[in-house]
>>> print(open('run_28.txt').read())   # compact mmCIF, C-alpha atoms and all ligand atoms
# COMPACT_ATOMS: atom_id res chain seq x y z
CA THR U 1 2.84 24.64 -29.61
CA GLY U 2 0.41 27.51 -29.77
CA MET U 3 -2.51 25.14 -30.34
CA PHE U 4 -3.85 25.35 -26.81
CA THR U 5 -3.82 27.96 -24.09
CA TYR U 6 -1.56 26.80 -21.28
CA ASP U 7 -3.23 27.70 -18.00
CA PRO U 8 -1.99 25.51 -15.13
CA GLY U 9 -4.26 25.83 -12.11
CA PHE U 10 -6.96 27.41 -14.33
CA THR U 11 -6.15 30.90 -13.10
CA SER U 12 -7.73 32.51 -16.14
CA THR U 13 -9.97 29.92 -17.80
CA ALA U 14 -13.75 29.78 -17.31
CA SER U 15 -14.95 26.20 -17.66
CA CYS U 16 -18.68 26.87 -17.61
CA GLU U 17 -21.46 29.41 -17.42
CA SER U 18 -23.23 29.48 -14.09
CA GLN U 19 -26.09 31.35 -12.45
CA ILE U 20 -25.49 30.13 -8.92
CA THR U 21 -22.72 32.02 -7.13
CA TYR U 22 -21.01 35.34 -7.83
CA ILE U 23 -17.72 36.48 -6.31
CA ASP U 24 -16.10 39.90 -6.72
CA GLY U 25 -12.70 39.23 -5.21
CA ASP U 26 -11.49 42.83 -5.39
CA LYS U 27 -14.46 44.18 -3.51
CA GLY U 28 -14.92 41.19 -1.18
CA VAL U 29 -18.43 40.38 -2.40
CA LEU U 30 -20.10 36.95 -2.34
CA LEU U 31 -23.64 36.44 -3.64
CA TYR U 32 -25.74 33.25 -3.79
CA ARG U 33 -28.27 33.66 -6.63
CA GLY U 34 -27.81 37.43 -6.24
CA TYR U 35 -28.31 37.58 -2.47
CA PRO U 36 -25.39 38.88 -0.34
CA ILE U 37 -23.92 36.24 1.95
CA GLU U 38 -24.23 38.67 4.89
CA GLN U 39 -28.02 38.87 4.52
CA LEU U 40 -28.46 35.11 4.10
CA ALA U 41 -26.27 34.40 7.14
CA GLU U 42 -28.07 36.99 9.25
CA HIS U 43 -31.70 36.29 8.33
CA GLY U 44 -31.88 32.89 6.64
CA ASP U 45 -31.26 29.30 7.62
CA PHE U 46 -29.22 26.60 5.95
CA LEU U 47 -32.09 24.62 4.41
CA GLU U 48 -33.50 27.82 2.93
CA THR U 49 -30.05 28.43 1.43
CA CYS U 50 -30.13 24.87 0.03
CA TYR U 51 -33.47 25.58 -1.63
CA LEU U 52 -32.15 28.86 -3.02
CA LEU U 53 -29.01 27.28 -4.47
CA LEU U 54 -30.92 24.39 -6.02
CA GLU U 55 -34.03 26.20 -7.26
CA GLY U 56 -32.72 29.70 -7.96
CA GLU U 57 -35.26 31.51 -5.77
CA LEU U 58 -35.92 31.77 -2.05
CA PRO U 59 -38.85 29.53 -1.02
CA THR U 60 -42.24 30.85 0.01
CA ALA U 61 -43.38 29.79 3.49
CA ALA U 62 -45.29 26.83 2.01
CA GLN U 63 -42.37 25.79 -0.21
CA LYS U 64 -40.01 26.05 2.75
CA ALA U 65 -42.21 23.90 4.98
CA ASP U 66 -42.51 21.31 2.22
CA PHE U 67 -38.76 21.29 1.50
CA ASP U 68 -37.83 21.02 5.21
CA TYR U 69 -40.31 18.16 5.62
CA ARG U 70 -39.00 16.28 2.61
CA ILE U 71 -35.36 16.63 3.65
CA THR U 72 -36.27 15.46 7.13
CA ARG U 73 -37.97 12.36 5.70
CA HIS U 74 -34.72 11.29 4.04
CA THR U 75 -32.28 11.60 6.98
CA MET U 76 -32.14 7.88 7.83
CA VAL U 77 -29.57 5.73 6.09
CA HIS U 78 -30.21 2.06 5.41
CA GLU U 79 -29.28 -0.12 8.38
CA GLN U 80 -26.99 -2.08 6.09
CA MET U 81 -24.92 1.08 5.78
CA ALA U 82 -24.21 0.89 9.51
CA ARG U 83 -22.84 -2.61 8.96
CA PHE U 84 -20.80 -1.33 6.02
CA PHE U 85 -19.09 1.05 8.49
CA GLN U 86 -17.90 -1.87 10.62
CA GLY U 87 -15.37 -2.74 7.91
CA PHE U 88 -13.31 0.39 8.64
CA ARG U 89 -10.46 0.40 11.12
CA ARG U 90 -11.76 1.90 14.34
CA ASP U 91 -9.34 4.84 14.07
CA ALA U 92 -10.14 5.58 10.41
CA HIS U 93 -9.99 9.26 9.48
CA PRO U 94 -13.62 10.46 9.21
CA MET U 95 -12.92 11.95 5.77
CA ALA U 96 -11.84 8.51 4.51
CA VAL U 97 -15.13 7.16 5.80
CA MET U 98 -17.04 10.02 4.14
CA VAL U 99 -15.48 9.48 0.71
CA ALA U 100 -16.31 5.77 0.88
CA SER U 101 -19.79 5.99 2.36
CA ILE U 102 -21.00 8.76 0.04
CA GLY U 103 -19.77 6.71 -2.91
CA ALA U 104 -21.47 3.64 -1.44
CA MET U 105 -24.83 5.42 -1.55
CA SER U 106 -24.88 4.72 -5.30
CA ALA U 107 -25.05 1.04 -4.39
CA PHE U 108 -27.94 1.63 -1.99
CA TYR U 109 -30.17 3.97 -3.99
CA HIS U 110 -30.16 2.54 -7.50
CA ASP U 111 -33.40 4.27 -8.40
CA SER U 112 -31.94 7.74 -8.13
CA THR U 113 -28.85 7.03 -10.17
CA ASP U 114 -30.87 7.57 -13.37
CA ILE U 115 -29.67 11.05 -14.27
CA SER U 116 -31.92 11.44 -17.32
CA ASP U 117 -35.04 11.71 -15.14
CA PRO U 118 -35.51 15.17 -13.51
CA HIS U 119 -37.61 13.63 -10.73
CA GLN U 120 -34.85 11.16 -9.86
CA ARG U 121 -32.28 13.95 -9.98
CA MET U 122 -34.37 15.78 -7.39
CA ILE U 123 -34.68 12.69 -5.17
CA ALA U 124 -30.92 12.10 -5.39
CA SER U 125 -30.30 15.73 -4.35
CA MET U 126 -32.67 15.42 -1.40
CA ARG U 127 -31.12 12.17 -0.32
CA MET U 128 -27.63 13.62 -0.29
CA ILE U 129 -28.52 16.83 1.56
CA ALA U 130 -30.41 14.73 4.12
CA LYS U 131 -28.05 11.76 4.49
CA VAL U 132 -24.57 13.31 4.33
CA PRO U 133 -24.96 14.81 7.85
CA THR U 134 -26.12 11.41 9.13
CA LEU U 135 -23.04 9.77 7.59
CA ALA U 136 -20.82 12.55 9.00
CA ALA U 137 -22.14 12.02 12.53
CA MET U 138 -21.75 8.24 12.12
CA ALA U 139 -18.15 8.73 10.93
CA TYR U 140 -17.46 10.77 14.07
CA LYS U 141 -19.16 8.32 16.45
CA TYR U 142 -17.28 5.46 14.85
CA THR U 143 -13.86 7.07 15.42
CA ILE U 144 -14.61 7.64 19.11
CA GLY U 145 -16.11 4.20 19.62
CA GLN U 146 -19.61 5.33 20.53
CA PRO U 147 -22.88 3.89 19.19
CA PHE U 148 -24.56 5.71 16.32
CA VAL U 149 -27.35 8.11 17.23
CA TYR U 150 -30.33 7.92 14.87
CA PRO U 151 -31.78 11.11 13.39
CA LEU U 152 -34.57 12.76 15.35
CA ASN U 153 -36.72 14.38 12.73
CA SER U 154 -38.67 16.64 15.07
CA LEU U 155 -35.48 18.70 15.31
CA ASP U 156 -34.32 21.17 12.69
CA TYR U 157 -31.52 20.12 10.33
CA THR U 158 -28.56 21.49 12.31
CA SER U 159 -29.88 20.69 15.79
CA ASN U 160 -30.46 17.13 14.64
CA PHE U 161 -26.87 17.00 13.38
CA LEU U 162 -25.48 18.27 16.71
CA ARG U 163 -27.55 15.69 18.55
CA MET U 164 -26.35 12.86 16.30
CA CYS U 165 -22.76 13.94 17.03
CA PHE U 166 -22.88 14.67 20.73
CA ALA U 167 -25.74 12.75 22.33
CA VAL U 168 -24.81 9.57 24.22
CA PRO U 169 -27.27 6.81 25.07
CA ALA U 170 -28.86 6.87 28.51
CA GLU U 171 -28.05 10.53 28.97
CA GLU U 172 -30.36 13.38 28.19
CA TYR U 173 -29.08 15.72 25.47
CA LYS U 174 -30.48 19.17 24.97
CA VAL U 175 -29.43 21.08 21.89
CA ASN U 176 -28.04 24.53 22.71
CA PRO U 177 -29.94 26.86 20.32
CA VAL U 178 -27.08 29.40 20.20
CA LEU U 179 -24.61 26.73 19.09
CA SER U 180 -27.10 25.27 16.64
CA ARG U 181 -27.71 28.68 15.10
CA ALA U 182 -23.95 29.31 14.92
CA LEU U 183 -23.27 25.99 13.18
CA ASP U 184 -26.20 26.58 10.83
CA ARG U 185 -24.60 29.91 9.89
CA ILE U 186 -21.23 28.19 9.34
CA PHE U 187 -23.03 25.80 6.97
CA ILE U 188 -24.52 28.77 5.08
CA LEU U 189 -21.05 30.34 4.70
CA HIS U 190 -19.63 27.11 3.23
CA ALA U 191 -22.59 26.15 1.03
CA ASP U 192 -21.13 27.18 -2.31
CA HIS U 193 -18.12 29.03 -3.71
CA GLU U 194 -18.43 28.69 -7.51
CA GLN U 195 -15.73 26.77 -9.43
CA ASN U 196 -13.28 25.87 -6.63
CA ALA U 197 -11.26 22.64 -6.93
CA SER U 198 -13.84 20.27 -5.42
CA THR U 199 -16.77 21.77 -7.33
CA SER U 200 -14.80 21.59 -10.58
CA THR U 201 -14.09 17.95 -9.70
CA VAL U 202 -17.82 17.26 -9.28
CA ARG U 203 -18.57 18.89 -12.64
CA LEU U 204 -15.78 17.01 -14.40
CA ALA U 205 -16.91 13.69 -12.93
CA GLY U 206 -20.54 14.50 -13.76
CA SER U 207 -19.70 15.49 -17.34
CA SER U 208 -19.17 11.82 -18.19
CA GLY U 209 -22.69 10.96 -17.01
CA ALA U 210 -21.53 9.35 -13.76
CA ASN U 211 -24.24 9.05 -11.10
CA PRO U 212 -24.58 11.94 -8.63
CA PHE U 213 -23.49 9.98 -5.53
CA ALA U 214 -20.25 9.01 -7.29
CA CYS U 215 -19.72 12.65 -8.35
CA ILE U 216 -20.19 13.99 -4.81
CA ALA U 217 -17.81 11.32 -3.50
CA ALA U 218 -15.22 12.62 -6.00
CA GLY U 219 -15.77 16.19 -4.75
CA THR U 220 -15.40 15.03 -1.15
CA ALA U 221 -12.06 13.39 -1.99
CA CYS U 222 -10.79 16.63 -3.54
CA LEU U 223 -11.97 18.72 -0.60
CA TRP U 224 -9.86 16.61 1.74
CA GLY U 225 -6.57 18.27 0.63
CA PRO U 226 -4.87 20.78 2.96
CA ALA U 227 -4.80 23.55 0.33
CA HIS U 228 -8.61 23.36 0.14
CA GLY U 229 -10.96 22.06 2.86
CA GLY U 230 -8.09 21.06 5.11
CA ALA U 231 -6.93 24.67 5.65
CA ASN U 232 -9.12 25.27 8.72
CA GLU U 233 -7.31 22.46 10.49
CA ALA U 234 -3.96 23.96 9.47
CA ALA U 235 -4.99 27.41 10.73
CA LEU U 236 -5.93 26.06 14.15
CA LYS U 237 -2.67 24.11 14.41
CA MET U 238 -0.74 27.29 13.55
CA LEU U 239 -2.52 29.33 16.25
CA GLU U 240 -1.72 26.56 18.75
CA GLU U 241 1.90 26.57 17.66
CA ILE U 242 2.20 30.35 18.03
CA GLY U 243 0.70 29.85 21.47
CA SER U 244 0.93 33.38 22.86
CA VAL U 245 0.72 36.97 21.69
CA ASP U 246 4.43 37.48 22.43
CA ASN U 247 5.42 35.01 19.72
CA ILE U 248 3.46 36.75 16.95
CA PRO U 249 6.24 39.03 15.62
CA LYS U 250 8.48 36.00 15.15
CA TYR U 251 5.84 34.25 13.01
CA ILE U 252 5.04 37.40 11.04
CA ALA U 253 8.74 37.64 10.21
CA LYS U 254 8.78 33.96 9.16
CA ALA U 255 5.75 34.49 6.90
CA LYS U 256 7.46 37.45 5.19
CA ASP U 257 10.80 35.65 4.75
CA LYS U 258 11.20 34.54 1.12
CA ASN U 259 13.54 31.71 2.20
CA ASP U 260 11.09 30.31 4.73
CA PRO U 261 8.20 28.22 3.32
CA PHE U 262 5.99 29.16 6.31
CA ARG U 263 2.75 30.97 5.45
CA LEU U 264 0.12 32.42 7.69
CA MET U 265 -2.61 29.78 7.48
CA GLY U 266 -6.07 31.25 7.04
CA PHE U 267 -4.57 34.24 5.22
CA GLY U 268 -4.72 35.01 1.51
CA HIS U 269 -7.00 33.71 -1.22
CA ARG U 270 -6.81 33.05 -4.94
CA VAL U 271 -9.89 35.14 -5.66
CA TYR U 272 -10.33 37.52 -2.70
CA LYS U 273 -7.88 40.41 -2.78
CA ASN U 274 -9.87 42.10 -0.05
CA TYR U 275 -11.38 40.89 3.24
CA ASP U 276 -13.13 37.54 2.66
CA PRO U 277 -16.75 38.47 3.48
CA ARG U 278 -17.23 35.05 5.07
CA ALA U 279 -14.34 35.72 7.47
CA LYS U 280 -16.11 38.76 8.95
CA ILE U 281 -19.28 36.78 9.69
CA MET U 282 -17.19 33.91 11.01
CA GLN U 283 -15.33 36.23 13.40
CA LYS U 284 -18.64 37.46 14.83
CA THR U 285 -19.87 33.88 15.16
CA THR U 286 -16.68 32.91 17.03
CA HIS U 287 -17.35 35.60 19.64
CA GLU U 288 -20.97 34.49 20.01
CA VAL U 289 -20.00 30.86 20.52
CA LEU U 290 -17.24 31.59 23.04
CA ASN U 291 -19.57 33.94 24.94
CA GLU U 292 -22.31 31.35 25.05
CA LEU U 293 -19.93 28.71 26.35
CA GLY U 294 -18.59 31.12 28.97
CA ILE U 295 -15.07 30.96 27.55
CA LYS U 296 -13.81 34.33 28.73
CA ASP U 297 -10.20 34.19 27.63
CA ASP U 298 -9.42 31.78 24.87
CA PRO U 299 -5.67 32.19 24.31
CA LEU U 300 -6.12 31.04 20.70
CA LEU U 301 -8.64 33.80 20.06
CA ASP U 302 -6.30 36.39 21.62
CA VAL U 303 -3.53 35.19 19.31
CA ALA U 304 -5.87 35.28 16.28
CA VAL U 305 -7.16 38.80 16.95
CA GLU U 306 -3.69 40.20 17.57
CA LEU U 307 -2.20 38.34 14.59
CA GLU U 308 -4.88 39.79 12.35
CA ARG U 309 -4.31 43.30 13.74
CA ILE U 310 -0.54 43.17 13.20
CA ALA U 311 -0.77 41.57 9.74
CA LEU U 312 -3.35 44.04 8.47
CA SER U 313 -1.09 46.96 9.38
CA ASP U 314 2.05 45.37 7.93
CA GLU U 315 3.27 46.56 4.55
CA TYR U 316 3.97 43.04 3.23
CA PHE U 317 0.39 41.90 3.74
CA ILE U 318 -1.10 45.21 2.57
CA GLU U 319 0.93 45.21 -0.61
CA LYS U 320 0.12 41.58 -1.46
CA LYS U 321 -3.52 42.10 -0.50
CA LEU U 322 -3.51 39.25 2.01
CA TYR U 323 -6.52 39.26 4.32
CA PRO U 324 -7.96 36.64 6.67
CA ASN U 325 -10.05 34.04 4.84
CA ILE U 326 -12.95 31.94 6.15
CA ASP U 327 -10.60 29.41 7.71
CA PHE U 328 -8.88 31.88 10.01
CA TYR U 329 -11.60 31.84 12.67
CA SER U 330 -13.61 28.72 11.87
CA GLY U 331 -11.23 26.31 13.64
CA ILE U 332 -11.47 28.17 16.96
CA THR U 333 -15.27 28.11 16.72
CA LEU U 334 -15.60 24.43 15.85
CA LYS U 335 -13.11 23.44 18.53
CA ALA U 336 -15.06 25.39 21.15
CA MET U 337 -18.21 23.55 20.06
CA GLY U 338 -16.50 20.26 20.84
CA PHE U 339 -15.49 19.02 17.38
CA PRO U 340 -12.01 17.46 17.04
CA THR U 341 -9.83 18.85 14.24
CA SER U 342 -10.31 15.65 12.20
CA MET U 343 -14.01 16.62 11.82
CA PHE U 344 -13.42 20.15 10.46
CA THR U 345 -13.20 19.12 6.81
CA VAL U 346 -16.16 16.77 7.30
CA LEU U 347 -18.29 19.71 8.43
CA PHE U 348 -17.16 21.61 5.35
CA ALA U 349 -18.28 18.62 3.23
CA VAL U 350 -21.70 18.53 4.91
CA ALA U 351 -22.26 22.18 3.98
CA ARG U 352 -20.69 22.06 0.50
CA THR U 353 -22.76 19.03 -0.54
CA VAL U 354 -25.60 21.34 -1.61
CA GLY U 355 -23.26 23.54 -3.66
CA TRP U 356 -21.85 20.48 -5.40
CA ILE U 357 -25.33 19.17 -6.18
CA ALA U 358 -26.63 22.53 -7.40
CA GLN U 359 -23.61 22.85 -9.72
CA TRP U 360 -23.97 19.25 -10.91
CA LYS U 361 -27.68 19.77 -11.62
CA GLU U 362 -27.02 23.03 -13.47
CA MET U 363 -24.46 21.25 -15.64
CA ILE U 364 -26.71 18.27 -16.42
CA GLU U 365 -29.50 20.65 -17.44
CA ASP U 366 -27.21 22.82 -19.61
CA PRO U 367 -27.43 21.60 -23.23
CA SER U 368 -24.11 23.26 -24.16
CA GLN U 369 -22.09 21.14 -21.71
CA LYS U 370 -19.86 18.43 -23.15
CA ILE U 371 -17.67 15.90 -21.43
CA GLY U 372 -14.79 17.74 -19.71
CA ARG U 373 -11.60 16.96 -21.56
CA PRO U 374 -8.66 19.34 -20.94
CA ARG U 375 -5.83 19.28 -23.47
CA GLN U 376 -2.10 19.32 -22.66
CA LEU U 377 1.22 20.61 -23.92
CA TYR U 378 3.24 17.46 -24.52
CA THR U 379 6.86 17.87 -23.35
CA GLY U 380 7.98 14.23 -23.43
CA SER U 381 10.33 12.45 -25.79
CA ALA U 382 9.87 12.47 -29.58
CA GLN U 383 8.90 9.25 -31.37
CA ARG U 384 11.56 6.53 -31.06
CA ASP U 385 11.96 2.81 -31.74
CA TYR U 386 11.46 0.05 -29.21
CA PRO U 387 14.86 -1.40 -28.17
CA PRO U 388 15.21 -5.06 -27.13
CA ILE U 389 15.64 -5.47 -23.37
CA GLY U 390 19.36 -6.22 -23.59
CA ARG U 391 20.09 -2.87 -25.26
CA ARG U 392 18.50 -0.43 -22.75
N1 LIG I 401 1.34 34.13 4.20
C1 LIG I 401 2.42 34.75 3.68
N2 LIG I 401 2.55 35.05 2.38
C2 LIG I 401 1.56 34.71 1.56
C3 LIG I 401 0.40 34.05 2.03
C4 LIG I 401 0.31 33.76 3.39
N3 LIG I 401 -0.77 33.14 3.90
N4 LIG I 401 -0.43 33.82 0.98
C5 LIG I 401 0.18 34.32 -0.10
N5 LIG I 401 1.39 34.86 0.24
C6 LIG I 401 2.33 35.53 -0.69
C7 LIG I 401 3.06 34.52 -1.52
O1 LIG I 401 4.29 34.18 -0.94
C8 LIG I 401 3.24 35.27 -2.83
O2 LIG I 401 4.34 36.14 -2.67
P1 LIG I 401 5.27 36.54 -3.96
O3 LIG I 401 4.38 37.21 -4.94
O4 LIG I 401 6.29 37.44 -3.37
O5 LIG I 401 5.83 35.24 -4.47
C9 LIG I 401 1.99 36.12 -2.97
O6 LIG I 401 1.52 36.29 -1.60
C10 LIG I 401 0.86 35.47 -3.80
O7 LIG I 401 0.64 34.14 -3.33
P2 LIG I 401 0.33 32.89 -4.29
O8 LIG I 401 0.64 31.63 -3.56
O9 LIG I 401 0.94 33.10 -5.64
O10 LIG I 401 -1.28 33.04 -4.45
P3 LIG I 401 -2.33 31.88 -4.79
O11 LIG I 401 -3.53 32.56 -5.31
O12 LIG I 401 -1.73 30.81 -5.63
O13 LIG I 401 -2.61 31.23 -3.35
C11 LIG I 401 -3.58 30.62 -1.27
C12 LIG I 401 -3.73 31.44 -2.56
C13 LIG I 401 -4.91 30.63 -0.50
C14 LIG I 401 -3.23 29.14 -1.62
C15 LIG I 401 -2.46 31.25 -0.40
O14 LIG I 401 -2.79 32.56 -0.05
C16 LIG I 401 -2.14 30.42 0.85
O15 LIG I 401 -1.33 29.49 0.77
N6 LIG I 401 -2.76 30.74 2.04
C17 LIG I 401 -2.64 29.96 3.22
C18 LIG I 401 -3.54 28.70 3.16
C19 LIG I 401 -5.00 29.03 3.33
O16 LIG I 401 -5.39 29.77 4.23
N7 LIG I 401 -5.87 28.44 2.47
C20 LIG I 401 -7.34 28.62 2.60
C21 LIG I 401 -7.97 29.20 1.37
S1 LIG I 401 -9.69 29.67 1.67
C22 LIG I 401 -10.59 28.17 1.91
C23 LIG I 401 -10.90 27.39 0.66
O17 LIG I 401 -11.27 28.00 -0.34
O18 LIG I 401 -10.84 26.15 0.72
>>> encode(input="run_28.txt", output="structure tokens")
Amino acid sequence: TGMFTYDPGFTSTASCESQITYIDGDKGVLLYRGYPIEQLAEHGDFLETCYLLLEGELPTAAQKADFDYRITRHTMVHEQMARFFQGFRRDAHPMAVMVASIGAMSAFYHDSTDISDPHQRMIASMRMIAKVPTLAAMAYKYTIGQPFVYPLNSLDYTSNFLRMCFAVPAEEYKVNPVLSRALDRIFILHADHEQNASTSTVRLAGSSGANPFACIAAGTACLWGPAHGGANEAALKMLEEIGSVDNIPKYIAKAKDKNDPFRLMGFGHRVYKNYDPRAKIMQKTTHEVLNELGIKDDPLLDVAVELERIALSDEYFIEKKLYPNIDFYSGITLKAMGFPTSMFTVLFAVARTVGWIAQWKEMIEDPSQKIGRPRQLYTGSAQRDYPPIGRR
């Protein structure tokens, strides 16, 4: 009709102004509040990244200590929440449990659903950053039929999370600092990625004035899809299916075949037309984790390294600018740490929670934001008269 711009998939429409995350897809650059992801992943920790995304600046030592302490004080969930879990089938997918339990937080923390009060907005943000990992570990324990492990607040954020996932009663559990550091780095890499599908979902939900727990539950639901947060699971399954280095040429040929729907999972990106900077850090982290665990020859890693080498020297992939993305190596790493594939997207949700909240908060505090209301190009039938049922 010419009245609206038709842009399915929003490939060329900016929906907001934002000061949080910058991506230059042609150069392979990712900045949080101006800081390169490489530097944050190398020198920072996840809670510091949370502070940066929320507040806009890196914390001073005193601010960091205060923030870490406050997050730690909010890690417990109400005991009634544990009983709420009992209503799920014992083999429920942990993402189903996450969507429901994050949404249920709005029924537990009424005080911080008042979005007009900046103090309550801050408390709600703290509660989610602190409690989503607790819910994630509970979702995991529930699916394997083990008792919940309560948070131990003398541990740092990520070590506490590992303990809640892997400790079993009556057995001593010592957190491996190399694995904790590696997972913390994976959380940093996933913390925000500007207006991706789940973040846009959070903003759209929040634009109506919905409470922040409900908005983050909506984002979690969107993340669940295989084209988004579910891709790391798909990449690992593909590497398992390829199985050995000898089979790689066959799969490369399949990926290039126009008549075959198969794609190399963990390859290509809507925005990055260069190496995904997160993939490089992830690859290094994979090696560190496998080394630490004494896994000398992981056949999946051999397949991944060789697949990457062949693809990056193949004309098809060069011409289409298809490079490994963050999901190419993350599955191997998480699997080696002991997480089942059903937890991969949950871990993504734990990390992305802060990005969602930072974006939600930025939107609420932006006076130019209105309720999100996309228009459409109507292609249905023209006006017509209602026929009686016997004449249809
Ligand atoms: N293997 C083989 N060919 C590919 C691949 C691939 N992984 N990705 C894109 N292509 C081809 C595609 O066939 C198309 O070819 P042509 O122009 O001849 O039709 C061209 O490259 C452009 O692809 P597109 O689908 O139009 O690009 P898009 O921006 O819509 O899709 C993508 C981006 C990530 C969905 C896609 O690259 C893909 O499906 N990759 C595999 C799944 C994956 O790894 N997803 C994780 C994304 S990163 C994590 C996250 O952000 O959640």
>>> residues_near_ligand(input="run_28.txt", ligand="ligand LIG 401 (chain I)", cutoff="7 Å", atoms="only C-alpha atoms and all ligand atoms", output="number ranges by chain")
U: 196, 227-229, 231, 235, 255-256, 263-271, 320, 322, 325-327
>>> write_last_selection(input="run_28.txt", atoms="C-alpha atoms", output="short mmCIF file (atom, residue, chain, number, x, y, z; two decimals), in the frame of the given file")
data_model
loop_
_atom_site.label_atom_id
_atom_site.label_comp_id
_atom_site.auth_asym_id
_atom_site.auth_seq_id
_atom_site.Cartn_x
_atom_site.Cartn_y
_atom_site.Cartn_z
CA ASN U 196 -13.28 25.87 -6.63
CA ALA U 227 -4.80 23.55 0.33
CA HIS U 228 -8.61 23.36 0.14
CA GLY U 229 -10.96 22.06 2.86
CA ALA U 231 -6.93 24.67 5.65
CA ALA U 235 -4.99 27.41 10.73
CA ALA U 255 5.75 34.49 6.90
CA LYS U 256 7.46 37.45 5.19
CA ARG U 263 2.75 30.97 5.45
CA LEU U 264 0.12 32.42 7.69
CA MET U 265 -2.61 29.78 7.48
CA GLY U 266 -6.07 31.25 7.04
CA PHE U 267 -4.57 34.24 5.22
CA GLY U 268 -4.72 35.01 1.51
CA HIS U 269 -7.00 33.71 -1.22
CA ARG U 270 -6.81 33.05 -4.94
CA VAL U 271 -9.89 35.14 -5.66
CA LYS U 320 0.12 41.58 -1.46
CA LEU U 322 -3.51 39.25 2.01
CA ASN U 325 -10.05 34.04 4.84
CA ILE U 326 -12.95 31.94 6.15
CA ASP U 327 -10.60 29.41 7.71
#
>>> residues_around(input="run_28.txt", residues="Ala137 in chain U", least_positions_apart="5", cutoff="12 Å", atoms="only C-alpha atoms", output="mmCIF file with C-alpha atoms, in the coordinates of the input")
data_model
loop_
_atom_site.group_PDB
_atom_site.id
_atom_site.type_symbol
_atom_site.label_atom_id
_atom_site.label_comp_id
_atom_site.auth_asym_id
_atom_site.auth_seq_id
_atom_site.Cartn_x
_atom_site.Cartn_y
_atom_site.Cartn_z
ATOM 1 C CA THR U 75 -32.280 11.600 6.980
ATOM 2 C CA MET U 76 -32.140 7.880 7.830
ATOM 3 C CA VAL U 77 -29.570 5.730 6.090
ATOM 4 C CA ALA U 82 -24.210 0.890 9.510
ATOM 5 C CA PRO U 94 -13.620 10.460 9.210
ATOM 6 C CA MET U 95 -12.920 11.950 5.770
ATOM 7 C CA VAL U 97 -15.130 7.160 5.800
ATOM 8 C CA MET U 98 -17.040 10.020 4.140
ATOM 9 C CA LYS U 131 -28.050 11.760 4.490
ATOM 10 C CA VAL U 132 -24.570 13.310 4.330
ATOM 11 C CA TYR U 142 -17.280 5.460 14.850
ATOM 12 C CA THR U 143 -13.860 7.070 15.420
ATOM 13 C CA ILE U 144 -14.610 7.640 19.110
ATOM 14 C CA GLN U 146 -19.610 5.330 20.530
ATOM 15 C CA PRO U 147 -22.880 3.890 19.190
ATOM 16 C CA PHE U 148 -24.560 5.710 16.320
ATOM 17 C CA VAL U 149 -27.350 8.110 17.230
ATOM 18 C CA TYR U 150 -30.330 7.920 14.870
ATOM 19 C CA PRO U 151 -31.780 11.110 13.390
ATOM 20 C CA THR U 158 -28.560 21.490 12.310
ATOM 21 C CA ASN U 160 -30.460 17.130 14.640
ATOM 22 C CA PHE U 161 -26.870 17.000 13.380
ATOM 23 C CA LEU U 162 -25.480 18.270 16.710
ATOM 24 C CA ARG U 163 -27.550 15.690 18.550
ATOM 25 C CA MET U 164 -26.350 12.860 16.300
ATOM 26 C CA CYS U 165 -22.760 13.940 17.030
ATOM 27 C CA PHE U 166 -22.880 14.670 20.730
ATOM 28 C CA ALA U 167 -25.740 12.750 22.330
ATOM 29 C CA PHE U 339 -15.490 19.020 17.380
ATOM 30 C CA MET U 343 -14.010 16.620 11.820
ATOM 31 C CA VAL U 346 -16.160 16.770 7.300
ATOM 32 C CA LEU U 347 -18.290 19.710 8.430
ATOM 33 C CA VAL U 350 -21.700 18.530 4.910
#
>>> closest_residue(input="run_28.txt", among="U:Asn259, U:Thr5, U:Thr345, U:Ser159", to="Val175 in chain U", atoms="only C-alpha atoms")
U:Ser159
>>> residues_around(input="run_28.txt", residues="His78 in chain U", least_positions_apart="3", cutoff="12 Å", atoms="all atoms listed in the file", output="ChimeraX atom specification")
/U:74-75,81-85,101,104-105,107-109,127,131,134-135,150
>>> atom_distance(input="run_28.txt", atom1="CA of Leu47 in chain U", atom2="CA of Ile123 in chain U")
15.5 Å
>>> closest_residue(input="run_28.txt", among="U:Leu334, U:Ala65, U:Ile364, U:Ile216", to="Ile115 in chain U", atoms="all atoms listed in the file")
U:Ile364
>>> closest_residue(input="run_28.txt", among="U:Gly44, U:Asn247, U:Tyr329, U:Leu53", to="Ile281 in chain U", atoms="all atoms listed in the file")
U:Tyr329
>>> atom_distance(input="run_28.txt", atom1="CA of His287 in chain U", atom2="CA of His43 in chain U")
18.3 Å
>>> atom_distance(input="run_28.txt", atom1="CA of Ala139 in chain U", atom2="CA of Asp66 in chain U")
28.8 Å
>>> residues_around(input="run_28.txt", residues="Ala210 in chain U", least_positions_apart="2", cutoff="12 Å", atoms="only C-alpha atoms", output="ChimeraX atom specification")
/U:103,106,112-116,202-208,212-218,360,364,371
>>> closest_residue(input="run_28.txt", among="U:Glu194, U:Glu365, U:Glu292, U:Glu315", to="Val178 in chain U", atoms="only C-alpha atoms")
U:Glu292
>>> closest_residue(input="run_28.txt", among="U:Gln369, U:Gln86, U:Gln359, U:Ser342", to="Pro226 in chain U", atoms="only C-alpha atoms")
U:Ser342
>>> closest_residue(input="run_28.txt", among="U:Pro261, U:Pro324, U:Gly219, U:Pro59", to="Ser200 in chain U", atoms="only C-alpha atoms")
U:Gly219
